[in-house]
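input-v2.txt, holding compact mmCIF, C-alpha atoms:
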# COMPACT_ATOMS: atom_id res chain seq x y z
CA MET A 30 30.80 16.36 7.71
CA ASN A 31 27.58 17.00 5.83
CA ILE A 32 25.17 14.24 4.99
CA THR A 33 21.52 14.06 3.98
CA VAL A 34 19.08 12.13 6.15
CA GLY A 35 15.50 11.63 5.01
CA GLY A 36 15.87 14.51 2.57
CA GLY A 37 17.23 16.93 5.19
CA LYS A 38 20.77 18.18 5.67
CA ARG A 39 22.66 17.04 8.74
CA SER A 40 26.07 17.84 10.11
CA VAL A 41 27.65 14.86 11.86
CA GLU A 42 31.10 13.93 13.06
CA ALA A 43 33.43 12.26 10.60
CA GLY A 44 33.33 8.50 11.01
CA THR A 45 29.76 8.40 12.33
CA THR A 46 28.36 4.93 11.78
CA VAL A 47 24.83 4.04 10.74
CA ALA A 48 24.19 2.77 14.29
CA GLN A 49 25.34 6.08 15.78
CA LEU A 50 23.20 8.02 13.33
CA ILE A 51 20.14 5.96 14.25
CA GLU A 52 20.74 6.81 17.89
CA GLY A 53 21.41 10.45 17.17
CA GLU A 54 18.26 10.77 15.06
CA LYS A 55 16.24 9.04 17.78
CA VAL A 56 14.84 6.65 15.21
CA GLU A 57 11.70 4.99 16.50
CA ASN A 58 11.66 1.24 16.68
CA ALA A 59 15.29 1.12 15.67
CA ALA A 60 15.41 -2.68 15.78
CA TYR A 61 13.04 -2.82 12.81
CA VAL A 62 14.11 0.11 10.70
CA THR A 63 15.43 -0.50 7.19
CA VAL A 64 18.33 1.73 6.23
CA ALA A 65 19.54 2.70 2.77
CA VAL A 66 22.79 4.57 2.25
CA ASN A 67 23.27 6.01 -1.22
CA ASP A 68 20.39 3.91 -2.56
CA ALA A 69 21.76 0.61 -1.23
CA PHE A 70 20.34 -1.23 1.77
CA VAL A 71 22.60 -1.82 4.73
CA ASP A 72 22.14 -5.07 6.63
CA HIS A 73 21.15 -4.70 10.27
CA ALA A 74 24.23 -6.67 11.23
CA ASP A 75 26.40 -4.02 9.59
CA PHE A 76 24.89 -0.93 11.21
CA GLY A 77 27.68 -0.69 13.75
CA SER A 78 30.45 -1.15 11.25
CA THR A 79 29.19 0.95 8.35
CA ALA A 80 30.74 4.39 8.48
CA LEU A 81 29.18 7.34 6.71
CA PHE A 82 31.09 9.76 4.52
CA GLU A 83 30.74 13.34 3.36
CA GLY A 84 27.83 13.71 0.99
CA ASP A 85 26.16 10.40 1.85
CA THR A 86 22.39 10.13 1.54
CA VAL A 87 20.70 8.11 4.24
CA GLU A 88 17.07 7.00 4.23
CA PHE A 89 15.12 5.31 7.01
CA LEU A 90 12.30 3.03 5.87
CA TYR A 91 9.70 1.94 8.37
CA PHE A 92 7.24 -0.86 8.64
CA MET A 93 3.74 0.59 8.39
CA GLY A 94 1.13 -2.06 8.87
CA GLY A 95 -2.05 -0.04 9.00
CA GLY A 96 -4.63 0.34 6.31
CA ARG A 97 -8.06 -0.23 7.69
CA MET B 7 -17.78 -0.41 -27.92
CA ALA B 8 -19.11 3.11 -28.15
CA PHE B 9 -19.83 5.19 -25.09
CA SER B 10 -23.38 6.34 -24.53
CA PRO B 11 -24.05 10.08 -24.25
CA GLU B 12 -24.45 9.51 -20.50
CA GLU B 13 -21.02 7.90 -20.24
CA LEU B 14 -19.40 10.59 -22.36
CA GLU B 15 -20.82 13.18 -20.00
CA ARG B 16 -19.99 11.14 -16.91
CA TYR B 17 -16.37 10.69 -17.92
CA SER B 18 -15.92 14.02 -19.67
CA ARG B 19 -13.24 15.22 -17.23
CA HIS B 20 -11.16 12.15 -18.11
CA ILE B 21 -11.83 12.25 -21.83
CA ILE B 22 -10.73 15.86 -22.11
CA LEU B 23 -7.27 14.97 -20.76
CA LYS B 24 -5.02 14.20 -23.69
CA GLU B 25 -3.23 11.54 -21.67
CA VAL B 26 -6.53 9.70 -21.11
CA GLY B 27 -9.08 10.46 -23.82
CA VAL B 28 -11.70 8.03 -25.03
CA LYS B 29 -8.97 5.43 -25.46
CA GLY B 30 -7.91 5.65 -21.83
CA GLN B 31 -11.49 5.64 -20.61
CA LYS B 32 -12.12 2.46 -22.60
CA LYS B 33 -9.11 0.90 -20.89
CA LEU B 34 -10.51 1.88 -17.50
CA CYS B 35 -13.92 0.48 -18.36
CA ALA B 36 -12.35 -2.81 -19.41
CA ALA B 37 -10.06 -3.06 -16.38
CA LYS B 38 -10.41 -5.18 -13.27
CA VAL B 39 -8.97 -4.00 -9.97
CA LEU B 40 -9.07 -5.87 -6.68
CA ILE B 41 -9.09 -3.89 -3.45
CA VAL B 42 -8.15 -5.90 -0.39
CA GLY B 43 -9.73 -4.27 2.61
CA ALA B 44 -12.79 -2.01 2.69
CA GLY B 45 -11.37 0.22 5.37
CA GLY B 46 -9.22 3.30 5.71
CA LEU B 47 -7.27 2.78 2.52
CA GLY B 48 -9.74 0.64 0.61
CA ALA B 49 -12.64 3.04 1.10
CA PRO B 50 -11.22 6.06 -0.73
CA ALA B 51 -9.62 3.83 -3.35
CA ALA B 52 -12.94 2.14 -4.04
CA LEU B 53 -14.82 5.44 -4.25
CA TYR B 54 -12.45 6.94 -6.80
CA LEU B 55 -12.06 3.78 -8.89
CA ALA B 56 -15.83 3.47 -9.12
CA ALA B 57 -16.10 7.12 -10.04
CA ALA B 58 -13.40 6.62 -12.67
CA GLY B 59 -15.39 3.85 -14.27
CA VAL B 60 -13.06 0.93 -13.63
CA GLY B 61 -15.15 -1.81 -15.17
CA THR B 62 -14.83 -4.47 -12.49
CA ILE B 63 -13.88 -3.75 -8.91
CA GLY B 64 -13.41 -6.58 -6.46
CA ILE B 65 -13.53 -5.78 -2.76
CA VAL B 66 -12.37 -8.14 -0.03
CA ASP B 67 -13.23 -7.75 3.65
CA ALA B 68 -14.55 -10.23 6.18
CA ASP B 69 -15.76 -7.67 8.70
CA GLU B 70 -18.82 -5.65 9.52
CA VAL B 71 -18.99 -1.89 9.78
CA ASP B 72 -18.09 -0.73 13.29
CA LEU B 73 -18.63 2.72 14.84
CA SER B 74 -14.90 3.39 15.18
CA ASN B 75 -14.52 2.78 11.44
CA LEU B 76 -16.60 5.81 10.48
CA GLN B 77 -13.87 8.27 11.45
CA ARG B 78 -11.98 7.30 8.28
CA GLN B 79 -13.68 4.57 6.26
CA ILE B 80 -15.71 7.03 4.31
CA ILE B 81 -17.43 4.58 2.02
CA HIS B 82 -19.55 3.50 5.00
CA GLY B 83 -22.15 5.57 6.82
CA THR B 84 -23.91 5.45 10.17
CA SER B 85 -26.80 3.60 8.57
CA ASP B 86 -24.36 0.82 7.57
CA LEU B 87 -23.36 -0.06 11.13
CA GLY B 88 -23.38 -3.81 11.58
CA ARG B 89 -23.54 -4.53 7.83
CA PRO B 90 -20.86 -6.50 6.05
CA LYS B 91 -18.33 -3.96 4.86
CA VAL B 92 -18.22 -5.38 1.35
CA GLU B 93 -21.98 -4.95 0.96
CA SER B 94 -21.89 -1.42 2.32
CA ALA B 95 -18.98 -0.59 0.03
CA ALA B 96 -20.61 -2.20 -2.99
CA ASP B 97 -23.82 -0.22 -2.50
CA THR B 98 -21.94 3.06 -2.39
CA MET B 99 -19.82 2.18 -5.44
CA ARG B 100 -22.86 1.15 -7.46
CA ASP B 101 -24.62 4.35 -6.53
CA ILE B 102 -21.66 6.45 -7.61
CA ASN B 103 -21.40 4.56 -10.88
CA PRO B 104 -23.98 1.98 -11.97
CA HIS B 105 -21.77 1.03 -14.92
CA VAL B 106 -19.22 -0.61 -12.61
CA THR B 107 -19.46 -4.31 -11.76
CA VAL B 108 -18.63 -4.81 -8.10
CA LYS B 109 -17.63 -8.25 -6.87
CA THR B 110 -17.65 -8.78 -3.14
CA TYR B 111 -15.60 -11.26 -1.15
CA GLN B 112 -16.72 -11.41 2.46
CA GLU B 113 -13.76 -13.39 3.66
CA PHE B 114 -10.19 -13.05 4.87
CA LEU B 115 -7.48 -13.66 2.33
CA ASP B 116 -5.22 -16.57 3.09
CA SER B 117 -2.93 -18.95 1.28
CA ALA B 118 -5.91 -21.13 0.35
CA ASN B 119 -7.99 -18.51 -1.46
CA ILE B 120 -5.77 -15.65 -2.58
CA MET B 121 -4.44 -17.09 -5.81
CA ASP B 122 -7.92 -17.89 -7.09
CA ILE B 123 -9.22 -14.48 -6.12
CA ILE B 124 -6.43 -12.40 -7.62
CA ALA B 125 -6.36 -14.45 -10.82
CA ASP B 126 -9.27 -12.49 -12.28
CA TYR B 127 -7.74 -9.05 -11.77
CA ASP B 128 -5.30 -6.78 -13.57
CA PHE B 129 -4.12 -4.83 -10.52
CA VAL B 130 -4.33 -5.33 -6.76
CA ILE B 131 -4.58 -2.68 -4.06
CA ASP B 132 -3.32 -3.40 -0.56
CA GLY B 133 -5.77 -1.86 1.88
CA VAL B 134 -5.15 -4.29 4.73
CA ASP B 135 -4.05 -3.42 8.21
CA ASN B 136 -1.75 -6.25 9.11
CA PHE B 137 1.64 -7.52 8.07
CA PRO B 138 0.71 -11.18 7.49
CA THR B 139 -1.70 -10.17 4.76
CA LYS B 140 0.60 -7.51 3.34
CA PHE B 141 3.30 -10.12 2.91
CA LEU B 142 0.75 -12.61 1.56
CA ILE B 143 -0.44 -10.13 -1.05
CA ASN B 144 3.13 -9.42 -2.07
CA ASP B 145 4.10 -13.05 -2.36
CA ALA B 146 0.93 -14.02 -4.22
CA CYS B 147 1.26 -11.15 -6.67
CA VAL B 148 4.91 -11.98 -7.32
CA MET B 149 4.07 -15.62 -7.89
CA ALA B 150 1.06 -14.81 -10.07
CA GLY B 151 2.80 -12.02 -11.95
CA LYS B 152 0.27 -9.39 -10.86
CA PRO B 153 1.11 -5.73 -10.30
CA PHE B 154 0.02 -4.28 -7.00
CA VAL B 155 0.40 -1.26 -4.80
CA HIS B 156 1.39 -1.65 -1.15
CA ALA B 157 0.53 1.02 1.40
CA GLY B 158 0.64 1.57 5.12
CA ILE B 159 -0.51 4.29 7.48
CA ILE B 160 0.03 5.06 11.15
CA ARG B 161 -0.51 8.13 13.34
CA PHE B 162 0.37 11.04 11.07
CA LYS B 163 2.25 9.19 8.37
CA GLY B 164 1.66 7.04 5.33
CA GLN B 165 3.60 5.45 2.55
CA LEU B 166 3.14 3.46 -0.65
CA MET B 167 5.11 1.67 -3.31
CA THR B 168 4.09 -0.17 -6.46
CA TYR B 169 5.28 -3.56 -7.65
CA VAL B 170 5.23 -4.37 -11.32
CA PRO B 171 6.40 -7.86 -12.27
CA GLY B 172 9.86 -7.81 -13.75
CA GLN B 173 10.46 -4.19 -12.82
CA GLY B 174 11.85 -2.92 -9.54
CA PRO B 175 11.74 -4.39 -6.05
CA CYS B 176 8.86 -6.18 -4.42
CA TYR B 177 7.76 -5.49 -0.85
CA ARG B 178 10.00 -8.26 0.46
CA CYS B 179 13.04 -6.82 -1.32
CA VAL B 180 12.61 -3.85 1.00
CA PHE B 181 11.06 -5.27 4.14
CA HIS B 182 12.34 -8.86 4.00
CA ASP B 183 10.22 -10.55 6.61
CA MET B 184 7.43 -10.16 9.13
CA PRO B 185 8.30 -8.02 12.14
CA PRO B 186 7.73 -9.80 15.46
CA LYS B 187 4.21 -9.60 16.83
CA ASP B 188 4.64 -6.63 19.15
CA ALA B 189 7.34 -4.82 17.23
CA VAL B 190 5.24 -2.24 15.43
CA PRO B 191 2.58 -0.21 17.31
CA THR B 192 -0.89 -1.67 17.05
CA CYS B 193 -3.89 0.07 15.59
CA LYS B 194 -5.46 0.66 18.96
CA GLN B 195 -2.28 2.11 20.42
CA ALA B 196 -1.27 4.27 17.51
CA GLY B 197 -4.26 6.03 15.98
CA ILE B 198 -4.55 7.67 12.57
CA ILE B 199 -6.09 10.82 11.14
CA GLY B 200 -8.84 9.81 8.72
CA ALA B 201 -7.72 12.22 6.02
CA ILE B 202 -4.31 10.58 5.90
CA ALA B 203 -5.97 7.30 5.04
CA GLY B 204 -7.83 9.23 2.39
CA ILE B 205 -4.68 10.68 0.87
CA ILE B 206 -2.80 7.41 0.75
CA GLY B 207 -5.82 5.41 -0.44
CA CYS B 208 -6.36 7.92 -3.23
CA LEU B 209 -2.71 7.64 -4.22
CA GLU B 210 -3.20 3.89 -4.45
CA ALA B 211 -6.19 4.41 -6.74
CA LEU B 212 -4.05 6.73 -8.86
CA GLU B 213 -1.40 4.06 -9.25
CA ALA B 214 -4.08 1.69 -10.53
CA ILE B 215 -5.40 4.33 -12.95
CA LYS B 216 -1.94 5.18 -14.25
CA TYR B 217 -1.14 1.50 -14.73
CA ILE B 218 -4.37 0.83 -16.58
CA CYS B 219 -4.07 3.86 -18.83
CA GLY B 220 -0.34 3.39 -19.32
CA ILE B 221 0.43 6.99 -18.35
CA GLY B 222 2.76 8.79 -15.98
CA GLU B 223 5.37 7.15 -13.80
CA LEU B 224 4.40 4.47 -11.34
CA LEU B 225 5.89 4.29 -7.87
CA CYS B 226 7.91 1.34 -9.01
CA GLY B 227 11.28 1.38 -7.29
CA ARG B 228 10.15 4.29 -5.12
CA LEU B 229 8.61 4.54 -1.68
CA LEU B 230 6.48 7.67 -1.45
CA THR B 231 6.20 8.75 2.19
CA PHE B 232 3.91 11.38 3.63
CA ASP B 233 4.30 13.24 6.92
CA ALA B 234 1.03 15.02 7.65
CA LEU B 235 2.31 17.10 10.55
CA LYS B 236 5.09 18.52 8.41
CA GLY B 237 2.88 18.67 5.33
CA ASP B 238 5.66 16.98 3.43
CA PHE B 239 5.96 14.26 0.82
CA HIS B 240 9.35 12.57 0.59
CA THR B 241 10.23 10.01 -2.05
CA ILE B 242 12.76 7.35 -1.21
CA LYS B 243 14.48 5.79 -4.18
CA LEU B 244 14.55 2.06 -3.59
CA PRO B 245 17.39 -0.20 -4.63
CA PRO B 246 16.58 -2.36 -7.65
CA ARG B 247 15.04 -5.78 -7.32
CA ASP B 248 17.14 -7.87 -4.96
CA PRO B 249 18.48 -10.89 -6.86
CA ASN B 250 18.60 -12.67 -3.48
CA CYS B 251 15.01 -11.77 -2.58
CA ALA B 252 13.27 -14.76 -1.04
CA VAL B 253 10.27 -14.49 -3.33
CA CYS B 254 11.14 -12.47 -6.43
CA GLY B 255 14.87 -13.17 -6.55
CA ASP B 256 16.79 -15.34 -8.95
CA HIS B 257 16.58 -18.39 -6.67
CA PRO B 258 13.43 -17.95 -4.57
CA THR B 259 13.32 -19.74 -1.24
CA ILE B 260 9.67 -18.86 -0.72
CA THR B 261 7.79 -20.91 -3.28
CA GLU B 262 4.60 -21.44 -1.31
CA LEU B 263 2.34 -18.90 0.30
CA ILE B 264 2.64 -18.38 4.06
CA ASP B 265 -0.16 -17.86 6.56
CA TYR B 266 1.65 -16.00 9.28
CA GLU B 267 0.12 -15.89 12.75
CA GLN B 268 -2.72 -13.38 13.12
CA PRO B 269 -1.55 -9.87 13.90
CA GLU B 270 -1.77 -7.99 17.15
CA CYS B 271 -4.20 -5.54 15.52
CA ALA B 272 -7.11 -7.97 15.65
CA ASP B 273 -9.47 -7.20 18.46
CA ALA B 274 -11.78 -9.61 20.14
CA GLN B 275 -14.78 -9.35 17.87
CA HIS B 276 -13.76 -7.89 14.60
CA GLY B 277 -10.81 -7.91 12.31
CA SER B 278 -8.55 -4.98 12.55
CA ALA B 279 -9.27 -1.37 11.97
CA LEU B 280 -6.42 1.11 11.99
How would this structure read if it were set down as structure tokens?
Amino acid sequence: MNITVGGGKRSVEAGTTVAQLIEGEKVENAAYVTVAVNDAFVDHADFGSTALFEGDTVEFLYFMGGGR
Amino acid sequence: MAFSPEELERYSRHIILKEVGVKGQKKLCAAKVLIVGAGGLGAPAALYLAAAGVGTIGIVDADEVDLSNLQRQIIHGTSDLGRPKVESAADTMRDINPHVTVKTYQEFLDSANIMDIIADYDFVIDGVDNFPTKFLINDACVMAGKPFVHAGIIRFKGQLMTYVPGQGPCYRCVFHDMPPKDAVPTCKQAGIIGAIAGIIGCLEALEAIKYICGIGELLCGRLLTFDALKGDFHTIKLPPRDPNCAVCGDHPTITELIDYEQPECADAQHGSAL
């Protein structure tokens, strides 16, 4: 199925969960990534149980602490 | 208050813009912006806000100029090594624009001083390099009803988002709580290209200018991310304000400011520098 991740198109298997997507995308520091699916945040506890569907938009938001 | 011929000439490139004009320039000259951190992000922000004629610019930084800062903290020069960063920054700002009043705070922000310091300002710019202070700035601005722009940079990336009281999410709505001490790469481990700090710091200054002039669309409810290697900006639409947010939600559980433990970024002698 086709989804959008970080603005880019991806083709993933039907039923892929957020947790599986994080692994597949090799997300850095996965324990501390914030995930939004279709403009709604997904709790970390629900990564493994939240399935993605055709047309979903996924965003990964990262802590960035630097500034000086 | 009429502008002098010198000011009209100085600000001519603003005044000629229909969205700014004399009216917008007067707003800038009457505005007060606080920049927390005179480093990678704070330096470019301070330079452009001084150039723009923001009437009062506060700059907060407890540290002295260090050699490794000069790769990106472009408000400081080699002749400033060892000087307090706020003094070095103030000198440069005053030279760019003598009409600007610069207030320096050579101290670290903490729960004891932040509310008094931000009280005088219309807009706050996050130019700090550590999560404890980023969360502190967020919480204080929420509690005080002050708009601010958050930003972060690391390696080849940067991001920013703007909080306006009563509109859109705050930083905690998105990032909830402090990451554990070693969770996010430290300044020394990660590195940063100076120009990326420049880009993101300038975007922060722009948010302040847009807010003051009441023009354009602020990054309220949006996280603007930049990937320098790809040469790509990507905007993430943020969910609305979280009614369960610990600080800006309907029933806040954080009602006092928190001094989290000092971050990993701090080295032995100085505060951090990313």
Check which residues of chain B sit at most 8 Å from chain A using all atoms listed in the file, and return one row each with the closest pair of atoms and their distance in Å to one decimal, ordered by chain and rising number, as JSON lines.
{"residue": "B:Gly43", "atom": "CA", "partner": "A:Arg97", "partner_atom": "CA", "distance": 6.7}
{"residue": "B:Ala44", "atom": "CA", "partner": "A:Arg97", "partner_atom": "CA", "distance": 7.1}
{"residue": "B:Gly45", "atom": "CA", "partner": "A:Arg97", "partner_atom": "CA", "distance": 4.1}
{"residue": "B:Gly46", "atom": "CA", "partner": "A:Arg97", "partner_atom": "CA", "distance": 4.2}
{"residue": "B:Leu47", "atom": "CA", "partner": "A:Gly96", "partner_atom": "CA", "distance": 5.2}
{"residue": "B:Gly48", "atom": "CA", "partner": "A:Arg97", "partner_atom": "CA", "distance": 7.3}
{"residue": "B:Gln79", "atom": "CA", "partner": "A:Arg97", "partner_atom": "CA", "distance": 7.5}
{"residue": "B:Asp132", "atom": "CA", "partner": "A:Gly96", "partner_atom": "CA", "distance": 7.9}
{"residue": "B:Gly133", "atom": "CA", "partner": "A:Gly96", "partner_atom": "CA", "distance": 5.1}
{"residue": "B:Val134", "atom": "CA", "partner": "A:Gly96", "partner_atom": "CA", "distance": 4.9}
{"residue": "B:Asp135", "atom": "CA", "partner": "A:Gly95", "partner_atom": "CA", "distance": 4.0}
{"residue": "B:Asn136", "atom": "CA", "partner": "A:Gly94", "partner_atom": "CA", "distance": 5.1}
{"residue": "B:Phe137", "atom": "CA", "partner": "A:Gly94", "partner_atom": "CA", "distance": 5.5}
{"residue": "B:Lys140", "atom": "CA", "partner": "A:Gly94", "partner_atom": "CA", "distance": 7.8}
{"residue": "B:Ala157", "atom": "CA", "partner": "A:Gly96", "partner_atom": "CA", "distance": 7.2}
{"residue": "B:Gly158", "atom": "CA", "partner": "A:Met93", "partner_atom": "CA", "distance": 4.6}
{"residue": "B:Ile159", "atom": "CA", "partner": "A:Gly95", "partner_atom": "CA", "distance": 4.8}
{"residue": "B:Ile160", "atom": "CA", "partner": "A:Gly95", "partner_atom": "CA", "distance": 5.9}
{"residue": "B:Gly164", "atom": "CA", "partner": "A:Met93", "partner_atom": "CA", "distance": 7.4}
{"residue": "B:Gln165", "atom": "CA", "partner": "A:Met93", "partner_atom": "CA", "distance": 7.6}
{"residue": "B:Val180", "atom": "CA", "partner": "A:Thr63", "partner_atom": "CA", "distance": 7.6}
{"residue": "B:Phe181", "atom": "CA", "partner": "A:Thr63", "partner_atom": "CA", "distance": 7.2}
{"residue": "B:Pro185", "atom": "CA", "partner": "A:Tyr61", "partner_atom": "CA", "distance": 7.1}
{"residue": "B:Ala189", "atom": "CA", "partner": "A:Asn58", "partner_atom": "CA", "distance": 7.5}
{"residue": "B:Val190", "atom": "CA", "partner": "A:Phe92", "partner_atom": "CA", "distance": 7.2}
{"residue": "B:Cys193", "atom": "CA", "partner": "A:Gly95", "partner_atom": "CA", "distance": 6.8}
{"residue": "B:Ala203", "atom": "CA", "partner": "A:Gly96", "partner_atom": "CA", "distance": 7.2}
{"residue": "B:His240", "atom": "CA", "partner": "A:Gly36", "partner_atom": "CA", "distance": 7.1}
{"residue": "B:Ile242", "atom": "CA", "partner": "A:Glu88", "partner_atom": "CA", "distance": 6.9}
{"residue": "B:Lys243", "atom": "CA", "partner": "A:Asp68", "partner_atom": "CA", "distance": 6.4}
{"residue": "B:Leu244", "atom": "CA", "partner": "A:Asp68", "partner_atom": "CA", "distance": 6.2}
{"residue": "B:Pro245", "atom": "CA", "partner": "A:Asp68", "partner_atom": "CA", "distance": 5.5}
{"residue": "B:Ser278", "atom": "CA", "partner": "A:Arg97", "partner_atom": "CA", "distance": 6.8}
{"residue": "B:Ala279", "atom": "CA", "partner": "A:Arg97", "partner_atom": "CA", "distance": 4.6}
{"residue": "B:Leu280", "atom": "CA", "partner": "A:Arg97", "partner_atom": "CA", "distance": 4.8}
Legend entry - All residues 10 Å or closer to Ala56 (chain B), all atoms listed in the file, same chain fewer than 5 positions away omitted, as a list in words: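 In the requested form, the answer reads Cys35, Pro50, Ala51, Gly61, Thr62, Ile63, Ala96, Thr98, Met99, Arg100, Asp101, Ile102, Asn103, Pro104, His105, Val106, Thr107, Val108 and Ala211 of chain B.
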Legend entry - Pick from B:Ala118, B:Val26, B:Cys179, B:Ala57 nearest to Ala252 (chain B), counting all atoms listed in the file: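 Using all atoms listed in the file, Ala252 (chain B) sits closest to B:Cys179.
Interatomic distance, CA of Val71 (chain A) against CA of Ser40 (chain A): 20.7 Å.
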What would the list of residues within 12 Å of (25.1, -3.3, 12.4) (file frame) look like as a compact mmCIF listing (two decimals) with C-alpha atoms, keeping the file's coordinate frame, if all atoms listed in the file are what count?
# COMPACT_ATOMS: atom_id res chain seq x y z
CA THR A 46 28.36 4.93 11.78
CA VAL A 47 24.83 4.04 10.74
CA ALA A 48 24.19 2.77 14.29
CA GLN A 49 25.34 6.08 15.78
CA LEU A 50 23.20 8.02 13.33
CA ILE A 51 20.14 5.96 14.25
CA ALA A 59 15.29 1.12 15.67
CA ALA A 60 15.41 -2.68 15.78
CA VAL A 62 14.11 0.11 10.70
CA THR A 63 15.43 -0.50 7.19
CA VAL A 64 18.33 1.73 6.23
CA PHE A 70 20.34 -1.23 1.77
CA VAL A 71 22.60 -1.82 4.73
CA ASP A 72 22.14 -5.07 6.63
CA HIS A 73 21.15 -4.70 10.27
CA ALA A 74 24.23 -6.67 11.23
CA ASP A 75 26.40 -4.02 9.59
CA PHE A 76 24.89 -0.93 11.21
CA GLY A 77 27.68 -0.69 13.75
CA SER A 78 30.45 -1.15 11.25
CA THR A 79 29.19 0.95 8.35
CA ALA A 80 30.74 4.39 8.48
Legend entry - Close residues, Val92 (chain B) itself excluded, 8 Å, only C-alpha atoms, min 5 positions apart in chain, as a list in words: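 These residues fall inside the cut-off: Ala44, Ile65, Val66, Asp67, Ala68, Thr110, Tyr111 and Gln112 of chain B.
Of note, CA of Glu83 (chain A) and CA of Val41 (chain A) are spaced 9.2 Å apart.
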Inset, instruction - Quick one: pull the distance between CA of Ile32 (chain A) and CA of Ile206 (chain B), Å, one decimal. - result: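 Pair CA of Ile32 (chain A) / CA of Ile206 (chain B) returns 29.1 Å.
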